[in-house]
Structure formats: structure tokens, C-alpha cells
Amino acid sequence: MKAAAFYDVDGTLVSTNVVHVYAYYARNVPTLTGKLKRSVGLAASLPFYAFADKRGRKFFNDMFYKNYADITADRLHVLGEELFEKIVQKRIFRDMVELMKRSRAEGYAQVLVTGAISQMVRPMAKYLEVDAWFANELEIVDGRATGRLVPPVLAGPEKAAFVRRYAIEQGYDLNLCRAYADSASDIPMLCTVGRPVAVNPDSNLRATATAHDWPIIQAS
């Protein structure tokens, strides 16, 4: 058997999301002025981000990551490490860590595929000892983030297409592959594999999983 288990990250492996991440970054930019500007901006923008997420994850990503403009690449890397140590690590679902161990023992390659940015995902991927991981990349020009994501942006159908391409390149049998996600935005990715699993699903994903008899996990 040659197959992989693909995992979304936010809400699936860990009880954080991009807003938690940005809130941490907002409190830890180099200058006090920057801290205040980003913190106030975040609070004022939350209703808009909620609307943007309903419009679609790609639309949300395009809007949300504009907030990272002008942060240096070095600072993003340091903040990513600090974020994992102080916030993310303790929020990882133990149930999913155990599931990943069993999956690895069964011969599945462990692969993270997430719309989060690479600076946040890298330390988590190392901690979980996954075989491969893929995340969105912030465009960096002259050592600073532009606020734009480098295409292809991993979200919705594009994320599903990436999983399909990667599985074919690696010689994985998609019918045997597993995928785990918590959001309806990942239904395309779940439909790409033969063994989809909903983890702590939102209402739309729960309805889809129930209708198609997909397993549902309530992880903690």
C-alpha cells in the first residue's frame, strides 16, 4: 500500500485559527505604534473577516493577509516559533496526535496541507514529525512581507487540486488516501480522497459528512 493521510491544521489538529495567529502577531510587532495600530485594526476588522470567511476561504485569505504587509521576514520567522511555543503547542488535540501515530504505524505518509502561512506551520510540522507539509507563503520583497500570498493559494478547490497533484506525483492511491478537516471550505479536499473524515466539523461539513456517511471525530 502506498497512501497518505492529509490533514488540515486550524480546527483539525489544533484549536486555533488565523485570527488567533494574527492577534498574537499584532501584540508582538517591533514598535509600540505598530502594536497599537495592528491591535486596534484587528478588533475593528473582525466582523469583516467573519463576512469574508463566509464568502470563501480564498477571498478571506486575500483580505486577511494584507495585514502582514511590511513585517520583516526575520521577524515573522521568530514570531512563528514563539507563537508555537506559547500558544499553539498546548492547543494541539491529543486525540489527533494519537490518531496520527496509529496512521503512521499503518503505513500512511503524514502530510499537512493548510491555508495558514508557513511561518506558523513549520514548527508544528517539526513537532509532529510529519513526512511533508504545505502551507501558504507570504510574498517577501526586499526582506519584508508585501501582504500578498504567493500563488497557488491553498484554499477550497485549489487546495483539493494540490492534494490530487501531489498524490499523483508521489504515486499515492487516492482511493486509499485519507483526509481530515473541520470546515466546509475543505469539502473539495475531502472529496478528493477515498477515505474522508470530518473532525470537529462546522454545521455545513457535519451535514455533508452525515449525508455521505463519512466518519465524524470530536477531537480534544
# chains A, B, ... in the order shown; residues from 1 in each chain; ligands from 1
>>> select_by_dssp(residues="stretch 87-170 of chain A", states="helix (DSSP H, G or I)", output="NGL selection string")
:A and (87-91 or 94-105 or 118-128 or 156-170)
>>> write_last_selection(atoms="C-alpha atoms", output="mmCIF file, in the first residue's frame")
data_model
loop_
_atom_site.group_PDB
_atom_site.id
_atom_site.type_symbol
_atom_site.label_atom_id
_atom_site.label_comp_id
_atom_site.auth_asym_id
_atom_site.auth_seq_id
_atom_site.Cartn_x
_atom_site.Cartn_y
_atom_site.Cartn_z
ATOM 1 C CA ILE A 87 0.065 29.248 22.209
ATOM 2 C CA VAL A 88 -0.192 26.566 19.537
ATOM 3 C CA GLN A 89 1.604 23.612 21.147
ATOM 4 C CA LYS A 90 -0.706 23.468 24.167
ATOM 5 C CA ARG A 91 -3.762 23.681 21.884
ATOM 6 C CA ARG A 94 -4.127 14.981 21.820
ATOM 7 C CA ASP A 95 -6.700 12.740 20.124
ATOM 8 C CA MET A 96 -5.325 13.742 16.728
ATOM 9 C CA VAL A 97 -1.717 13.190 17.796
ATOM 10 C CA GLU A 98 -2.632 9.636 18.770
ATOM 11 C CA LEU A 99 -4.558 9.176 15.526
ATOM 12 C CA MET A 100 -1.517 10.306 13.551
ATOM 13 C CA LYS A 101 0.675 7.811 15.399
ATOM 14 C CA ARG A 102 -1.714 4.982 14.525
ATOM 15 C CA SER A 103 -1.972 6.172 10.933
ATOM 16 C CA ARG A 104 1.810 6.256 10.587
ATOM 17 C CA ALA A 105 2.054 2.741 12.031
ATOM 18 C CA SER A 118 4.476 28.718 6.537
ATOM 19 C CA GLN A 119 5.971 30.645 9.455
ATOM 20 C CA MET A 120 3.214 29.300 11.696
ATOM 21 C CA VAL A 121 3.197 25.760 10.332
ATOM 22 C CA ARG A 122 6.925 24.976 10.215
ATOM 23 C CA PRO A 123 7.474 24.477 13.990
ATOM 24 C CA MET A 124 4.279 22.443 14.282
ATOM 25 C CA ALA A 125 5.284 20.185 11.381
ATOM 26 C CA LYS A 126 8.627 19.602 13.065
ATOM 27 C CA TYR A 127 6.944 18.842 16.400
ATOM 28 C CA LEU A 128 4.541 16.334 14.806
ATOM 29 C CA GLY A 156 -11.028 25.465 -1.305
ATOM 30 C CA PRO A 157 -10.834 23.889 -4.775
ATOM 31 C CA GLU A 158 -7.202 24.971 -5.207
ATOM 32 C CA LYS A 159 -6.261 23.055 -2.071
ATOM 33 C CA ALA A 160 -8.084 19.982 -3.355
ATOM 34 C CA ALA A 161 -6.327 20.257 -6.715
ATOM 35 C CA PHE A 162 -2.976 20.498 -4.954
ATOM 36 C CA VAL A 163 -3.677 17.342 -2.936
ATOM 37 C CA ARG A 164 -4.633 15.495 -6.104
ATOM 38 C CA ARG A 165 -1.485 16.622 -7.960
ATOM 39 C CA TYR A 166 0.777 15.807 -5.040
ATOM 40 C CA ALA A 167 -0.743 12.359 -4.555
ATOM 41 C CA ILE A 168 -0.290 11.538 -8.245
ATOM 42 C CA GLU A 169 3.318 12.809 -8.207
ATOM 43 C CA GLN A 170 4.104 10.656 -5.165
#
>>> select_by_dssp(residues="stretch 61-163 of chain A", states="strand (DSSP E or B)", output="list in words")
Thr72, Ile92, Ala109, Gln110, Val111, Leu112, Val113, Thr114, Gly115, Ala116, Ile117, Ala132, Trp133, Phe134, Ala135, Asn136, Leu138, Glu139, Ile140, Val141, Arg144, Ala145, Thr146, Gly147, Arg148 and Leu149 of chain A
>>> write_last_selection(atoms="N, CA and C atoms", output="PDB file, in the first residue's frame")
ATOM      1  N   THR A  72       9.014  42.247   8.683  1.00  0.00           N
ATOM      2  CA  THR A  72      10.199  41.633   8.089  1.00  0.00           C
ATOM      3  C   THR A  72      10.110  40.114   8.127  1.00  0.00           C
ATOM      4  N   ILE A  92      -2.834  21.776  20.676  1.00  0.00           N
ATOM      5  CA  ILE A  92      -2.903  20.635  19.759  1.00  0.00           C
ATOM      6  C   ILE A  92      -3.820  19.570  20.360  1.00  0.00           C
ATOM      7  N   ALA A 109       1.698   7.898   4.862  1.00  0.00           N
ATOM      8  CA  ALA A 109       2.532   9.099   4.971  1.00  0.00           C
ATOM      9  C   ALA A 109       1.686  10.202   5.601  1.00  0.00           C
ATOM     10  N   GLN A 110       2.285  10.979   6.493  1.00  0.00           N
ATOM     11  CA  GLN A 110       1.568  12.034   7.214  1.00  0.00           C
ATOM     12  C   GLN A 110       1.873  13.377   6.562  1.00  0.00           C
ATOM     13  N   VAL A 111       0.831  14.038   6.044  1.00  0.00           N
ATOM     14  CA  VAL A 111       1.017  15.254   5.247  1.00  0.00           C
ATOM     15  C   VAL A 111       0.077  16.353   5.737  1.00  0.00           C
ATOM     16  N   LEU A 112       0.642  17.506   6.069  1.00  0.00           N
ATOM     17  CA  LEU A 112      -0.165  18.668   6.434  1.00  0.00           C
ATOM     18  C   LEU A 112      -0.391  19.521   5.190  1.00  0.00           C
ATOM     19  N   VAL A 113      -1.639  19.945   4.982  1.00  0.00           N
ATOM     20  CA  VAL A 113      -1.970  20.845   3.874  1.00  0.00           C
ATOM     21  C   VAL A 113      -2.890  21.916   4.431  1.00  0.00           C
ATOM     22  N   THR A 114      -2.382  23.143   4.524  1.00  0.00           N
ATOM     23  CA  THR A 114      -3.116  24.166   5.253  1.00  0.00           C
ATOM     24  C   THR A 114      -3.049  25.532   4.581  1.00  0.00           C
ATOM     25  N   GLY A 115      -4.074  26.313   4.825  1.00  0.00           N
ATOM     26  CA  GLY A 115      -4.094  27.684   4.338  1.00  0.00           C
ATOM     27  C   GLY A 115      -3.355  28.648   5.238  1.00  0.00           C
ATOM     28  N   ALA A 116      -2.860  28.165   6.383  1.00  0.00           N
ATOM     29  CA  ALA A 116      -2.051  29.010   7.261  1.00  0.00           C
ATOM     30  C   ALA A 116      -0.726  29.333   6.575  1.00  0.00           C
ATOM     31  N   ILE A 117      -0.032  30.342   7.082  1.00  0.00           N
ATOM     32  CA  ILE A 117       1.243  30.694   6.474  1.00  0.00           C
ATOM     33  C   ILE A 117       2.361  29.817   7.020  1.00  0.00           C
ATOM     34  N   ALA A 132       5.616  15.362   5.234  1.00  0.00           N
ATOM     35  CA  ALA A 132       5.642  16.525   4.340  1.00  0.00           C
ATOM     36  C   ALA A 132       4.603  17.529   4.821  1.00  0.00           C
ATOM     37  N   TRP A 133       4.812  18.783   4.493  1.00  0.00           N
ATOM     38  CA  TRP A 133       3.829  19.796   4.855  1.00  0.00           C
ATOM     39  C   TRP A 133       3.830  20.902   3.811  1.00  0.00           C
ATOM     40  N   PHE A 134       2.643  21.466   3.615  1.00  0.00           N
ATOM     41  CA  PHE A 134       2.464  22.515   2.618  1.00  0.00           C
ATOM     42  C   PHE A 134       1.572  23.601   3.200  1.00  0.00           C
ATOM     43  N   ALA A 135       2.015  24.835   3.059  1.00  0.00           N
ATOM     44  CA  ALA A 135       1.290  25.970   3.620  1.00  0.00           C
ATOM     45  C   ALA A 135       1.369  27.133   2.646  1.00  0.00           C
ATOM     46  N   ASN A 136       0.589  28.152   2.908  1.00  0.00           N
ATOM     47  CA  ASN A 136       0.666  29.350   2.084  1.00  0.00           C
ATOM     48  C   ASN A 136       1.934  30.125   2.405  1.00  0.00           C
ATOM     49  N   LEU A 138       3.779  33.877   2.282  1.00  0.00           N
ATOM     50  CA  LEU A 138       3.688  35.318   2.095  1.00  0.00           C
ATOM     51  C   LEU A 138       4.761  35.770   1.110  1.00  0.00           C
ATOM     52  N   GLU A 139       4.381  36.628   0.192  1.00  0.00           N
ATOM     53  CA  GLU A 139       5.363  37.205  -0.719  1.00  0.00           C
ATOM     54  C   GLU A 139       6.297  38.119   0.065  1.00  0.00           C
ATOM     55  N   ILE A 140       7.594  37.928  -0.147  1.00  0.00           N
ATOM     56  CA  ILE A 140       8.606  38.727   0.531  1.00  0.00           C
ATOM     57  C   ILE A 140       9.394  39.504  -0.528  1.00  0.00           C
ATOM     58  N   VAL A 141       9.446  40.813  -0.377  1.00  0.00           N
ATOM     59  CA  VAL A 141      10.210  41.672  -1.283  1.00  0.00           C
ATOM     60  C   VAL A 141      11.136  42.549  -0.448  1.00  0.00           C
ATOM     61  N   ARG A 144      10.820  42.105   3.338  1.00  0.00           N
ATOM     62  CA  ARG A 144       9.577  42.425   4.049  1.00  0.00           C
ATOM     63  C   ARG A 144       8.370  41.828   3.332  1.00  0.00           C
ATOM     64  N   ALA A 145       7.366  41.452   4.131  1.00  0.00           N
ATOM     65  CA  ALA A 145       6.138  40.898   3.559  1.00  0.00           C
ATOM     66  C   ALA A 145       5.371  41.992   2.820  1.00  0.00           C
ATOM     67  N   THR A 146       4.804  41.633   1.682  1.00  0.00           N
ATOM     68  CA  THR A 146       4.002  42.589   0.916  1.00  0.00           C
ATOM     69  C   THR A 146       2.536  42.552   1.317  1.00  0.00           C
ATOM     70  N   GLY A 147       2.137  41.485   2.050  1.00  0.00           N
ATOM     71  CA  GLY A 147       0.720  41.315   2.382  1.00  0.00           C
ATOM     72  C   GLY A 147      -0.011  40.472   1.358  1.00  0.00           C
ATOM     73  N   ARG A 148       0.728  39.990   0.359  1.00  0.00           N
ATOM     74  CA  ARG A 148       0.121  39.118  -0.651  1.00  0.00           C
ATOM     75  C   ARG A 148       0.635  37.692  -0.484  1.00  0.00           C
ATOM     76  N   LEU A 149      -0.227  36.726  -0.816  1.00  0.00           N
ATOM     77  CA  LEU A 149       0.178  35.330  -0.794  1.00  0.00           C
ATOM     78  C   LEU A 149       0.713  34.923  -2.160  1.00  0.00           C
TER      79      LEU A 149
END
>>> atom_distance(atom1="atom CA of A:Met189", atom2="atom CA of A:Leu154")
10.5 Å
>>> residues_around(residues="A:Ile216", least_positions_apart="4", cutoff="9 Å", atoms="only C-alpha atoms", output="VMD selection string")
chain A and resid 197 to 201 206 209 to 210
>>> write_last_selection(atoms="C-alpha atoms", output="short mmCIF file (atom, residue, chain, number, x, y, z; two decimals), in the first residue's frame")
data_model
loop_
_atom_site.label_atom_id
_atom_site.label_comp_id
_atom_site.auth_asym_id
_atom_site.auth_seq_id
_atom_site.Cartn_x
_atom_site.Cartn_y
_atom_site.Cartn_z
CA VAL A 197 -13.04 12.22 7.83
CA ALA A 198 -14.70 15.25 9.41
CA VAL A 199 -13.00 16.49 12.61
CA ASN A 200 -14.93 18.81 14.94
CA PRO A 201 -16.94 19.81 11.87
CA ARG A 206 -21.36 17.92 9.55
CA ALA A 209 -20.46 14.11 6.33
CA THR A 210 -23.73 12.72 7.67
#
>>> residues_around(residues="A:Cys177", least_positions_apart="4", cutoff="7 Å", atoms="only C-alpha atoms", output="list in words")
Ala3, Ala4, Ala5, Asp173, Val193, Gly194 and Arg195 of chain A
>>> residues_around(residues="A:Leu13", least_positions_apart="2", cutoff="8 Å", atoms="only C-alpha atoms", output="VMD selection string")
chain A and resid 7 to 11 15 92 to 93 96 to 97
>>> write_last_selection(atoms="C-alpha atoms", output="compact mmCIF listing (two decimals), in the first residue's frame")
# COMPACT_ATOMS: atom_id res chain seq x y z
CA TYR A 7 -4.55 16.97 7.42
CA ASP A 8 -5.91 20.46 7.54
CA VAL A 9 -4.40 22.27 10.57
CA ASP A 10 -6.53 25.03 12.11
CA GLY A 11 -9.53 23.49 13.86
CA SER A 15 -7.87 24.65 18.40
CA ILE A 92 -2.90 20.63 19.76
CA PHE A 93 -5.61 17.99 20.01
CA MET A 96 -5.32 13.74 16.73
CA VAL A 97 -1.72 13.19 17.80
